[in-house]
$ cat query.cif   # mmCIF, C-alpha atoms
data_input
loop_
_atom_site.label_atom_id
_atom_site.label_comp_id
_atom_site.auth_asym_id
_atom_site.auth_seq_id
_atom_site.Cartn_x
_atom_site.Cartn_y
_atom_site.Cartn_z
CA MET A 1 35.97 52.54 36.17
CA ASN A 2 33.89 50.62 38.72
CA PHE A 3 32.12 52.52 41.47
CA ASP A 4 30.70 51.26 44.76
CA ILE A 5 27.01 50.44 44.32
CA ILE A 6 24.17 51.30 46.73
CA THR A 7 20.98 49.33 46.19
CA SER A 8 19.06 49.69 49.46
CA LYS A 9 17.46 52.63 51.21
CA GLU A 10 18.70 51.04 54.44
CA ASN A 11 22.30 51.67 53.42
CA PRO A 12 23.97 53.83 56.15
CA LEU A 13 25.36 56.33 53.63
CA PHE A 14 21.99 56.70 51.94
CA LYS A 15 20.37 57.33 55.33
CA GLU A 16 23.01 59.96 56.10
CA ILE A 17 22.33 61.70 52.79
CA ARG A 18 18.60 61.75 53.46
CA LEU A 19 19.28 63.32 56.85
CA LEU A 20 21.32 66.09 55.21
CA GLN A 21 18.26 66.85 53.09
CA ALA A 22 15.96 67.29 56.08
CA THR A 23 14.29 70.66 56.47
CA GLY A 24 14.27 72.90 59.54
CA SER A 25 16.43 72.44 62.60
CA LYS A 26 16.85 68.69 62.02
CA GLY A 27 18.61 69.21 58.69
CA ARG A 28 20.63 72.18 59.96
CA LYS A 29 21.87 70.14 62.92
CA ALA A 30 22.83 67.20 60.69
CA ARG A 31 24.72 69.40 58.22
CA LEU A 32 26.65 71.27 60.88
CA ALA A 33 27.41 68.08 62.83
CA SER A 34 28.79 66.32 59.76
CA GLY A 35 30.36 69.45 58.30
CA GLN A 36 28.81 68.59 54.94
CA ALA A 37 26.04 69.69 52.59
CA LEU A 38 24.38 67.89 49.71
CA LEU A 39 24.69 69.35 46.22
CA GLU A 40 21.79 68.22 44.05
CA GLY A 41 21.77 68.45 40.27
CA ILE A 42 24.23 68.92 37.49
CA HIS A 43 24.59 72.70 37.77
CA LEU A 44 25.65 72.67 41.42
CA VAL A 45 28.03 69.76 40.93
CA GLN A 46 29.58 71.47 37.88
CA THR A 47 30.10 74.60 39.97
CA TRP A 48 32.32 72.69 42.40
CA VAL A 49 34.13 70.45 39.89
CA GLY A 50 37.81 70.58 40.80
CA ASP A 51 37.18 71.79 44.35
CA PRO A 52 38.81 69.42 46.88
CA GLY A 53 35.90 70.10 49.23
CA LEU A 54 33.71 68.00 46.93
CA LYS A 55 34.87 64.65 48.29
CA MET A 56 32.01 62.39 47.23
CA LEU A 57 29.85 62.04 44.13
CA LEU A 58 26.62 60.11 43.73
CA THR A 59 25.26 59.00 40.40
CA SER A 60 23.64 55.98 38.74
CA GLU A 61 23.92 53.86 35.62
CA VAL A 62 21.33 56.13 34.03
CA GLY A 63 23.25 59.22 35.13
CA LEU A 64 26.54 58.05 33.66
CA LYS A 65 24.86 57.68 30.28
CA ASN A 66 24.23 61.42 30.33
CA VAL A 67 27.17 63.15 28.64
CA GLU A 68 27.05 66.22 30.88
CA ILE A 69 26.93 64.17 34.08
CA SER A 70 29.63 61.74 32.95
CA GLU A 71 31.90 64.61 31.98
CA ALA A 72 31.45 66.30 35.36
CA VAL A 73 32.17 63.06 37.26
CA TYR A 74 35.32 62.14 35.36
CA SER A 75 36.60 65.72 35.21
CA HIS A 76 36.36 65.99 38.98
CA ILE A 77 38.01 62.60 39.52
CA GLU A 78 40.89 63.63 37.28
CA ILE A 79 41.53 66.77 39.33
CA CYS A 80 40.68 65.22 42.72
CA PRO A 81 41.57 61.52 42.41
CA ASP A 82 40.73 60.75 46.05
CA THR A 83 37.05 61.50 45.42
CA LYS A 84 34.72 58.65 46.34
CA VAL A 85 32.03 57.86 43.77
CA PHE A 86 28.92 55.82 44.54
CA GLN A 87 26.50 54.47 41.99
CA LEU A 88 22.95 54.36 43.31
CA ASP A 89 20.28 52.02 42.05
CA SER A 90 18.09 54.13 39.76
CA THR A 91 14.99 53.47 41.88
CA LEU A 92 16.62 55.23 44.83
CA TRP A 93 16.71 58.57 43.03
CA ASP A 94 12.95 58.98 43.44
CA LEU A 95 13.58 58.87 47.19
CA LEU A 96 16.64 61.09 47.05
CA SER A 97 15.13 64.05 45.20
CA ASP A 98 11.75 65.76 45.19
CA LEU A 99 12.43 67.12 41.71
CA VAL A 100 10.51 65.65 38.80
CA ASN A 101 12.89 63.81 36.47
CA ALA A 102 15.80 64.81 38.67
CA PRO A 103 19.21 64.32 37.01
CA HIS A 104 21.07 61.41 38.60
CA ILE A 105 23.96 63.40 40.05
CA ALA A 106 24.69 64.77 43.50
CA GLY A 107 27.70 65.42 45.69
CA LEU A 108 28.72 65.75 49.31
CA LEU A 109 30.58 69.00 49.93
CA ASP A 110 32.62 69.94 52.98
CA LEU A 111 31.24 73.11 54.50
CA PRO A 112 33.67 76.04 54.26
CA LYS A 113 35.62 77.36 57.23
CA SER A 114 33.57 80.57 57.49
CA THR A 115 30.35 78.62 58.03
CA LEU A 116 31.85 76.47 60.79
CA THR A 117 33.69 79.30 62.57
CA PRO A 118 31.94 80.24 65.86
CA PRO A 119 30.71 83.86 65.69
CA GLN A 120 32.27 84.69 69.05
CA SER A 121 35.73 83.94 67.66
CA ILE A 122 35.46 86.66 64.99
CA ALA A 123 36.56 89.97 66.48
CA ALA A 124 36.04 92.07 63.36
CA LEU A 125 34.53 91.65 59.91
CA ASP A 126 35.69 94.41 57.58
CA GLY A 127 34.37 95.64 54.25
CA ASP A 128 30.98 95.28 52.59
CA VAL A 129 28.56 92.86 54.23
CA VAL A 130 25.04 91.64 53.60
CA ILE A 131 23.16 90.79 56.80
CA LEU A 132 20.06 88.61 56.70
CA ASP A 133 17.82 89.21 59.71
CA ARG A 134 15.50 86.19 60.15
CA VAL A 135 14.80 85.78 56.42
CA GLN A 136 13.02 82.44 56.53
CA ASP A 137 12.03 81.59 52.97
CA ALA A 138 14.71 79.42 51.34
CA GLY A 139 13.97 80.84 47.91
CA ASN A 140 14.44 84.40 49.14
CA VAL A 141 17.69 83.51 50.92
CA GLY A 142 19.11 81.74 47.87
CA SER A 143 18.12 84.61 45.59
CA ILE A 144 19.81 87.14 47.87
CA LEU A 145 23.01 85.07 47.91
CA ARG A 146 22.98 84.95 44.11
CA THR A 147 22.41 88.71 43.95
CA ALA A 148 25.16 89.40 46.49
CA ALA A 149 27.66 87.40 44.44
CA ALA A 150 26.59 89.15 41.23
CA ALA A 151 26.97 92.59 42.84
CA GLY A 152 30.39 91.77 44.31
CA PHE A 153 29.29 91.55 47.95
CA THR A 154 31.25 88.49 49.10
CA LYS A 155 30.45 88.43 52.83
CA VAL A 156 27.00 87.37 54.04
CA ILE A 157 25.90 86.94 57.65
CA ALA A 158 22.74 84.99 58.42
CA LEU A 159 21.39 85.77 61.88
CA SER A 160 19.71 83.15 64.03
CA GLY A 161 16.23 82.50 62.65
CA CYS A 162 17.24 82.52 58.97
CA ALA A 163 16.79 79.58 56.65
CA HIS A 164 19.96 77.49 56.74
CA LEU A 165 22.30 78.75 54.03
CA TRP A 166 23.39 75.22 53.13
CA SER A 167 19.96 73.61 52.95
CA THR A 168 19.03 71.90 49.70
CA LYS A 169 16.49 74.55 48.75
CA VAL A 170 18.79 77.50 49.48
CA LEU A 171 21.61 75.87 47.52
CA ARG A 172 19.28 75.27 44.61
CA ALA A 173 18.05 78.89 44.62
CA GLY A 174 21.61 80.19 44.98
CA MET A 175 22.59 78.53 41.67
CA GLY A 176 26.24 78.11 42.69
CA ALA A 177 26.68 81.54 44.31
CA HIS A 178 27.74 79.84 47.55
CA ARG A 179 31.16 79.06 46.09
CA LEU A 180 31.85 82.78 45.57
CA LEU A 181 30.85 83.89 49.06
CA ASP A 182 32.14 83.87 52.63
CA LEU A 183 29.08 82.74 54.57
CA TYR A 184 28.59 83.20 58.31
CA GLU A 185 25.65 81.72 60.21
CA GLY A 186 23.94 81.72 63.56
CA TRP A 187 25.03 85.20 64.61
CA SER A 188 23.15 87.25 67.19
CA ASN A 189 22.32 90.93 66.83
CA GLN A 190 24.97 91.79 69.39
CA GLN A 191 27.65 89.82 67.58
CA VAL A 192 26.85 91.75 64.39
CA LEU A 193 27.03 95.08 66.19
CA SER A 194 30.36 94.12 67.78
CA ALA A 195 32.14 92.61 64.77
CA VAL A 196 30.88 94.39 61.64
CA THR A 197 32.96 97.50 61.06
CA ALA A 198 30.99 99.05 58.17
CA PRO A 199 27.99 101.29 58.99
CA LEU A 200 24.66 99.48 58.95
CA MET A 201 22.07 100.42 56.32
CA ALA A 202 18.67 98.88 57.00
CA ALA A 203 16.20 98.53 54.15
CA THR A 204 12.84 99.53 55.59
CA ALA A 205 9.66 100.81 53.99
CA ASP A 206 9.00 103.77 56.31
CA ALA A 207 12.48 105.34 56.46
CA GLU A 208 12.80 109.01 55.56
CA GLN A 209 16.15 108.52 53.81
CA ASP A 210 15.68 107.67 50.13
CA LEU A 211 18.01 105.03 48.64
CA PHE A 212 18.55 107.12 45.52
CA SER A 213 19.61 110.14 47.56
CA LEU A 214 22.56 108.28 49.04
CA LYS A 215 25.86 109.16 47.44
CA LYS A 216 28.90 109.46 49.70
CA GLU A 217 27.64 106.76 52.07
CA LEU A 218 27.67 104.12 49.32
CA LEU A 219 31.18 104.96 48.13
CA HIS A 220 32.58 103.36 51.28
CA PRO A 221 32.05 99.87 52.78
CA VAL A 222 28.48 99.34 53.92
CA ALA A 223 26.56 96.60 55.73
CA TRP A 224 23.13 96.19 54.16
CA VAL A 225 20.57 94.67 56.54
CA MET A 226 17.62 92.81 55.01
CA GLY A 227 14.81 92.00 57.42
CA SER A 228 12.40 89.10 57.72
CA GLU A 229 9.51 88.78 55.30
CA GLY A 230 6.85 89.56 57.91
CA GLN A 231 8.49 91.72 60.57
CA GLY A 232 11.29 93.50 58.75
CA VAL A 233 14.53 94.49 60.47
CA SER A 234 14.61 93.89 64.23
CA GLU A 235 14.39 96.91 66.52
CA ASP A 236 17.87 96.28 67.99
CA LEU A 237 19.54 96.52 64.60
CA LEU A 238 17.29 99.29 63.34
CA ALA A 239 18.25 101.42 66.33
CA GLN A 240 21.92 101.20 65.32
CA ALA A 241 21.41 101.52 61.56
CA LYS A 242 20.51 104.18 59.03
CA GLY A 243 17.04 103.36 57.76
CA VAL A 244 16.80 103.49 53.97
CA SER A 245 13.62 103.29 51.90
CA ILE A 246 13.22 102.31 48.25
CA PRO A 247 10.88 104.68 46.36
CA ILE A 248 7.93 102.67 45.06
CA ASP A 249 4.45 103.44 43.82
CA PRO A 250 2.35 104.21 46.95
CA ARG A 251 -0.32 101.79 45.75
CA VAL A 252 2.16 98.98 46.37
CA GLU A 253 2.72 98.18 50.04
CA SER A 254 6.23 96.75 49.85
CA LEU A 255 8.81 94.79 47.87
CA ASN A 256 9.80 91.17 48.34
CA VAL A 257 12.98 91.06 50.45
CA SER A 258 15.05 89.48 47.68
CA THR A 259 13.93 92.21 45.27
CA ALA A 260 14.73 94.90 47.83
CA ALA A 261 18.20 93.40 48.31
CA ALA A 262 18.82 93.44 44.56
CA VAL A 263 17.82 97.11 44.29
CA CYS A 264 20.01 98.16 47.23
CA LEU A 265 23.10 96.16 46.24
CA PHE A 266 23.04 97.18 42.61
CA GLU A 267 22.41 100.82 43.49
CA THR A 268 25.54 100.59 45.64
CA LEU A 269 27.41 99.16 42.66
CA ARG A 270 26.03 101.87 40.34
CA VAL A 271 27.09 104.71 42.64
CA ARG A 272 30.62 103.34 42.92
CA ARG A 273 30.98 102.89 39.16
CA SER A 274 29.76 106.39 38.40
#

$ encode --input "query.cif" --output "structure tokens"
Amino acid sequence: MNFDIITSKENPLFKEIRLLQATGSKGRKARLASGQALLEGIHLVQTWVGDPGLKMLLTSEVGLKNVEISEAVYSHIEICPDTKVFQLDSTLWDLLSDLVNAPHIAGLLDLPKSTLTPPQSIAALDGDVVILDRVQDAGNVGSILRTAAAAGFTKVIALSGCAHLWSTKVLRAGMGAHRLLDLYEGWSNQQVLSAVTAPLMAATADAEQDLFSLKKELLHPVAWVMGSEGQGVSEDLLAQAKGVSIPIDPRVESLNVSTAAAVCLFETLRVRRS
């Protein structure tokens, strides 16, 4: 099978892909405007093989010689025959990825409906929710998404000020968890308080309520709020939430937010199973 070939960094599609990789507000704006995100690497592409939202694949002559990459490309084409496949000149991959010896495979994925739905149009969001309050480190955000999926929490809200959930670094850290989640972005504190029906539980170091003393509260839907790395949960949300602390050795000041999320979510899972 012959694929369209891209040999120049001035190619319009290549420029568009580079824009989707941009960090900060520039990349977020480009991804939301196009309604697409870039999946980099074999693991992420494999996660979405067979998903009609994966409408474009990018590889190279070198990539197609890799059995794993070739299998992913042709498996996806078989299931989704309308997929466009572009073969990049191998020298362009050094510009496309900041990973050393990056595998020559990537894909353009349509963003899911939940991500593109304006917050103001959602009157109510029922059930368990994870709320990220200005968590800015992409690695932390991706790790929390992966933990949420593993613990069975399928709804995640990222408030304004969070790292973009569909950025390259968050996707990489999420390790495919995005496909298992309903992701909502750009919400305000007030929109959370209006739409989320489950009681808010805010993880905070100085709360009197001990996580491991919670029993009945965790048997029912709960909205766990994880605050920013430096400032914690905002005062507006904290005022409407039950503050919950994780018992740690007093010689340690605090836990990383992704670690705190893992402890809280899996304690919720443990209580429900027992």

$ closest_residue --input "query.cif" --among "A:Val73, A:Gly107, A:Val271, A:Ala241" --to "A:Lys216" --atoms "all atoms listed in the file"
A:Val271

$ resolve_selection --input "query.cif" --expression "the PyMOL selection byres ((chain A and resi 186-191) around 12)" --output "VMD selection string"
chain A and resid 25 28 to 29 32 114 to 125 131 to 134 156 to 165 183 to 185 192 to 197 200 225 233 to 241

$ write_last_selection --input "query.cif" --atoms "C-alpha atoms" --output "PDB file, in the coordinates of the input"
ATOM      1  CA  SER A  25      16.430  72.440  62.600  1.00  0.00           C
ATOM      2  CA  ARG A  28      20.630  72.180  59.960  1.00  0.00           C
ATOM      3  CA  LYS A  29      21.870  70.140  62.920  1.00  0.00           C
ATOM      4  CA  LEU A  32      26.650  71.270  60.880  1.00  0.00           C
ATOM      5  CA  SER A 114      33.570  80.570  57.490  1.00  0.00           C
ATOM      6  CA  THR A 115      30.350  78.620  58.030  1.00  0.00           C
ATOM      7  CA  LEU A 116      31.850  76.470  60.790  1.00  0.00           C
ATOM      8  CA  THR A 117      33.690  79.300  62.570  1.00  0.00           C
ATOM      9  CA  PRO A 118      31.940  80.240  65.860  1.00  0.00           C
ATOM     10  CA  PRO A 119      30.710  83.860  65.690  1.00  0.00           C
ATOM     11  CA  GLN A 120      32.270  84.690  69.050  1.00  0.00           C
ATOM     12  CA  SER A 121      35.730  83.940  67.660  1.00  0.00           C
ATOM     13  CA  ILE A 122      35.460  86.660  64.990  1.00  0.00           C
ATOM     14  CA  ALA A 123      36.560  89.970  66.480  1.00  0.00           C
ATOM     15  CA  ALA A 124      36.040  92.070  63.360  1.00  0.00           C
ATOM     16  CA  LEU A 125      34.530  91.650  59.910  1.00  0.00           C
ATOM     17  CA  ILE A 131      23.160  90.790  56.800  1.00  0.00           C
ATOM     18  CA  LEU A 132      20.060  88.610  56.700  1.00  0.00           C
ATOM     19  CA  ASP A 133      17.820  89.210  59.710  1.00  0.00           C
ATOM     20  CA  ARG A 134      15.500  86.190  60.150  1.00  0.00           C
ATOM     21  CA  VAL A 156      27.000  87.370  54.040  1.00  0.00           C
ATOM     22  CA  ILE A 157      25.900  86.940  57.650  1.00  0.00           C
ATOM     23  CA  ALA A 158      22.740  84.990  58.420  1.00  0.00           C
ATOM     24  CA  LEU A 159      21.390  85.770  61.880  1.00  0.00           C
ATOM     25  CA  SER A 160      19.710  83.150  64.030  1.00  0.00           C
ATOM     26  CA  GLY A 161      16.230  82.500  62.650  1.00  0.00           C
ATOM     27  CA  CYS A 162      17.240  82.520  58.970  1.00  0.00           C
ATOM     28  CA  ALA A 163      16.790  79.580  56.650  1.00  0.00           C
ATOM     29  CA  HIS A 164      19.960  77.490  56.740  1.00  0.00           C
ATOM     30  CA  LEU A 165      22.300  78.750  54.030  1.00  0.00           C
ATOM     31  CA  LEU A 183      29.080  82.740  54.570  1.00  0.00           C
ATOM     32  CA  TYR A 184      28.590  83.200  58.310  1.00  0.00           C
ATOM     33  CA  GLU A 185      25.650  81.720  60.210  1.00  0.00           C
ATOM     34  CA  VAL A 192      26.850  91.750  64.390  1.00  0.00           C
ATOM     35  CA  LEU A 193      27.030  95.080  66.190  1.00  0.00           C
ATOM     36  CA  SER A 194      30.360  94.120  67.780  1.00  0.00           C
ATOM     37  CA  ALA A 195      32.140  92.610  64.770  1.00  0.00           C
ATOM     38  CA  VAL A 196      30.880  94.390  61.640  1.00  0.00           C
ATOM     39  CA  THR A 197      32.960  97.500  61.060  1.00  0.00           C
ATOM     40  CA  LEU A 200      24.660  99.480  58.950  1.00  0.00           C
ATOM     41  CA  VAL A 225      20.570  94.670  56.540  1.00  0.00           C
ATOM     42  CA  VAL A 233      14.530  94.490  60.470  1.00  0.00           C
ATOM     43  CA  SER A 234      14.610  93.890  64.230  1.00  0.00           C
ATOM     44  CA  GLU A 235      14.390  96.910  66.520  1.00  0.00           C
ATOM     45  CA  ASP A 236      17.870  96.280  67.990  1.00  0.00           C
ATOM     46  CA  LEU A 237      19.540  96.520  64.600  1.00  0.00           C
ATOM     47  CA  LEU A 238      17.290  99.290  63.340  1.00  0.00           C
ATOM     48  CA  ALA A 239      18.250 101.420  66.330  1.00  0.00           C
ATOM     49  CA  GLN A 240      21.920 101.200  65.320  1.00  0.00           C
ATOM     50  CA  ALA A 241      21.410 101.520  61.560  1.00  0.00           C
TER      51      ALA A 241
END

$ residues_around --input "query.cif" --residues "A:Ala177" --least-positions-apart "6" --cutoff "7 Å" --atoms "only C-alpha atoms" --output "PyMOL selection string"
chain A and resi 145-146+149

$ closest_residue --input "query.cif" --among "A:Val130, A:Ala198, A:Leu96, A:Cys264" --to "A:Leu211" --atoms "all atoms listed in the file"
A:Cys264

$ resolve_selection --input "query.cif" --expression "the PyMOL selection byres ((chain A and resi 68-71) around 9)" --output "count of residues only"
17

$ resolve_selection --input "query.cif" --expression "the PyMOL selection byres ((chain A and resi 203) around 8)" --output "ChimeraX atom specification"
/A:201-202,204-205,224-227,233,243-246,260,264

$ axis_aligned_box --input "query.cif" --around "stretch 262-270 of chain A" --padding-each-side "5 Å" --output "AutoDock Vina command-line options"
--center_x 22.6 --center_y 97.7 --center_z 43.8 --size_x 19.6 --size_y 18.4 --size_z 16.9

$ closest_residue --input "query.cif" --among "A:Val257, A:Pro199, A:Thr168, A:Asp126" --to "A:Ala22" --atoms "all atoms listed in the file"
A:Thr168

$ atom_distance --input "query.cif" --atom1 "atom CA of A:Ala37" --atom2 "atom CA of A:Leu265"
27.4 Å

$ residues_around --input "query.cif" --residues "A:Asp82" --least-positions-apart "6" --cutoff "12 Å" --atoms "only C-alpha atoms" --output "list in words"
Gly50, Asp51, Pro52, Gly53, Leu54, Lys55, Met56, Leu57 and His76 of chain A

$ atom_distance --input "query.cif" --atom1 "atom CA of A:Glu267" --atom2 "atom CA of A:Asp128"
13.7 Å

$ closest_residue --input "query.cif" --among "A:Trp166, A:Trp48, A:Phe3, A:Phe153" --to "A:Phe266" --atoms "all atoms listed in the file"
A:Phe153

$ atom_distance --input "query.cif" --atom1 "atom CA of A:His178" --atom2 "atom CA of A:Leu95"
25.3 Å

$ residues_near_point --input "query.cif" --point "(15.5, 56.4, 43.2)" --cutoff "10 Å" --atoms "only C-alpha atoms" --output "mmCIF file with C-alpha atoms, in the coordinates of the input"
data_model
loop_
_atom_site.group_PDB
_atom_site.id
_atom_site.type_symbol
_atom_site.label_atom_id
_atom_site.label_comp_id
_atom_site.auth_asym_id
_atom_site.auth_seq_id
_atom_site.Cartn_x
_atom_site.Cartn_y
_atom_site.Cartn_z
ATOM 1 C CA THR A 7 20.980 49.330 46.190
ATOM 2 C CA SER A 8 19.060 49.690 49.460
ATOM 3 C CA LYS A 9 17.460 52.630 51.210
ATOM 4 C CA SER A 60 23.640 55.980 38.740
ATOM 5 C CA LEU A 88 22.950 54.360 43.310
ATOM 6 C CA ASP A 89 20.280 52.020 42.050
ATOM 7 C CA SER A 90 18.090 54.130 39.760
ATOM 8 C CA THR A 91 14.990 53.470 41.880
ATOM 9 C CA LEU A 92 16.620 55.230 44.830
ATOM 10 C CA TRP A 93 16.710 58.570 43.030
ATOM 11 C CA ASP A 94 12.950 58.980 43.440
ATOM 12 C CA LEU A 95 13.580 58.870 47.190
ATOM 13 C CA LEU A 96 16.640 61.090 47.050
ATOM 14 C CA SER A 97 15.130 64.050 45.200
ATOM 15 C CA ALA A 102 15.800 64.810 38.670
ATOM 16 C CA HIS A 104 21.070 61.410 38.600
#

$ build_atoms --input "query.cif" --residues "stretch 123-132 of chain A" --atoms "all heavy atoms" --output "short mmCIF file (atom, residue, chain, number, x, y, z; two decimals), in the frame of the given file"
data_model
loop_
_atom_site.label_atom_id
_atom_site.label_comp_id
_atom_site.auth_asym_id
_atom_site.auth_seq_id
_atom_site.Cartn_x
_atom_site.Cartn_y
_atom_site.Cartn_z
N ALA A 123 36.53 88.67 65.81
CA ALA A 123 36.56 89.97 66.48
C ALA A 123 36.09 91.09 65.58
O ALA A 123 35.44 92.04 66.03
CB ALA A 123 37.98 90.26 66.98
N ALA A 124 36.42 91.00 64.29
CA ALA A 124 36.04 92.07 63.36
C ALA A 124 35.82 91.50 61.97
O ALA A 124 36.52 90.59 61.54
CB ALA A 124 37.12 93.14 63.32
N LEU A 125 34.82 92.04 61.29
CA LEU A 125 34.53 91.65 59.91
C LEU A 125 34.49 92.94 59.09
O LEU A 125 33.55 93.74 59.21
CB LEU A 125 33.19 90.91 59.84
CG LEU A 125 32.96 90.03 58.61
CD1 LEU A 125 34.00 88.92 58.54
CD2 LEU A 125 31.56 89.42 58.65
N ASP A 126 35.53 93.15 58.30
CA ASP A 126 35.69 94.41 57.58
C ASP A 126 35.02 94.35 56.20
O ASP A 126 34.71 93.29 55.68
CB ASP A 126 37.18 94.72 57.40
CG ASP A 126 37.91 94.85 58.72
OD1 ASP A 126 37.29 95.34 59.69
OD2 ASP A 126 39.08 94.45 58.79
N GLY A 127 34.85 95.53 55.61
CA GLY A 127 34.37 95.64 54.25
C GLY A 127 32.86 95.52 54.12
O GLY A 127 32.11 95.53 55.10
N ASP A 128 32.41 95.40 52.87
CA ASP A 128 30.98 95.28 52.59
C ASP A 128 30.43 93.97 53.14
O ASP A 128 31.08 92.92 53.07
CB ASP A 128 30.73 95.30 51.08
CG ASP A 128 31.01 96.65 50.45
OD1 ASP A 128 30.60 97.66 51.04
OD2 ASP A 128 31.61 96.68 49.36
N VAL A 129 29.22 94.04 53.67
CA VAL A 129 28.56 92.86 54.23
C VAL A 129 27.07 92.92 53.90
O VAL A 129 26.48 94.00 53.85
CB VAL A 129 28.73 92.79 55.77
CG1 VAL A 129 28.14 91.49 56.31
CG2 VAL A 129 30.20 92.90 56.18
N VAL A 130 26.49 91.76 53.67
CA VAL A 130 25.04 91.64 53.60
C VAL A 130 24.59 90.86 54.83
O VAL A 130 25.12 89.78 55.11
CB VAL A 130 24.59 90.91 52.32
CG1 VAL A 130 23.06 90.74 52.31
CG2 VAL A 130 25.03 91.67 51.08
N ILE A 131 23.64 91.42 55.57
CA ILE A 131 23.16 90.79 56.80
C ILE A 131 21.71 90.39 56.62
O ILE A 131 20.86 91.23 56.29
CB ILE A 131 23.30 91.77 57.99
CG1 ILE A 131 24.77 92.17 58.19
CG2 ILE A 131 22.74 91.14 59.27
CD1 ILE A 131 24.96 93.35 59.11
N LEU A 132 21.42 89.12 56.82
CA LEU A 132 20.06 88.61 56.70
C LEU A 132 19.48 88.43 58.10
O LEU A 132 19.98 87.62 58.89
CB LEU A 132 20.05 87.27 55.95
CG LEU A 132 20.74 87.27 54.58
CD1 LEU A 132 20.56 85.91 53.91
CD2 LEU A 132 20.21 88.39 53.70
#
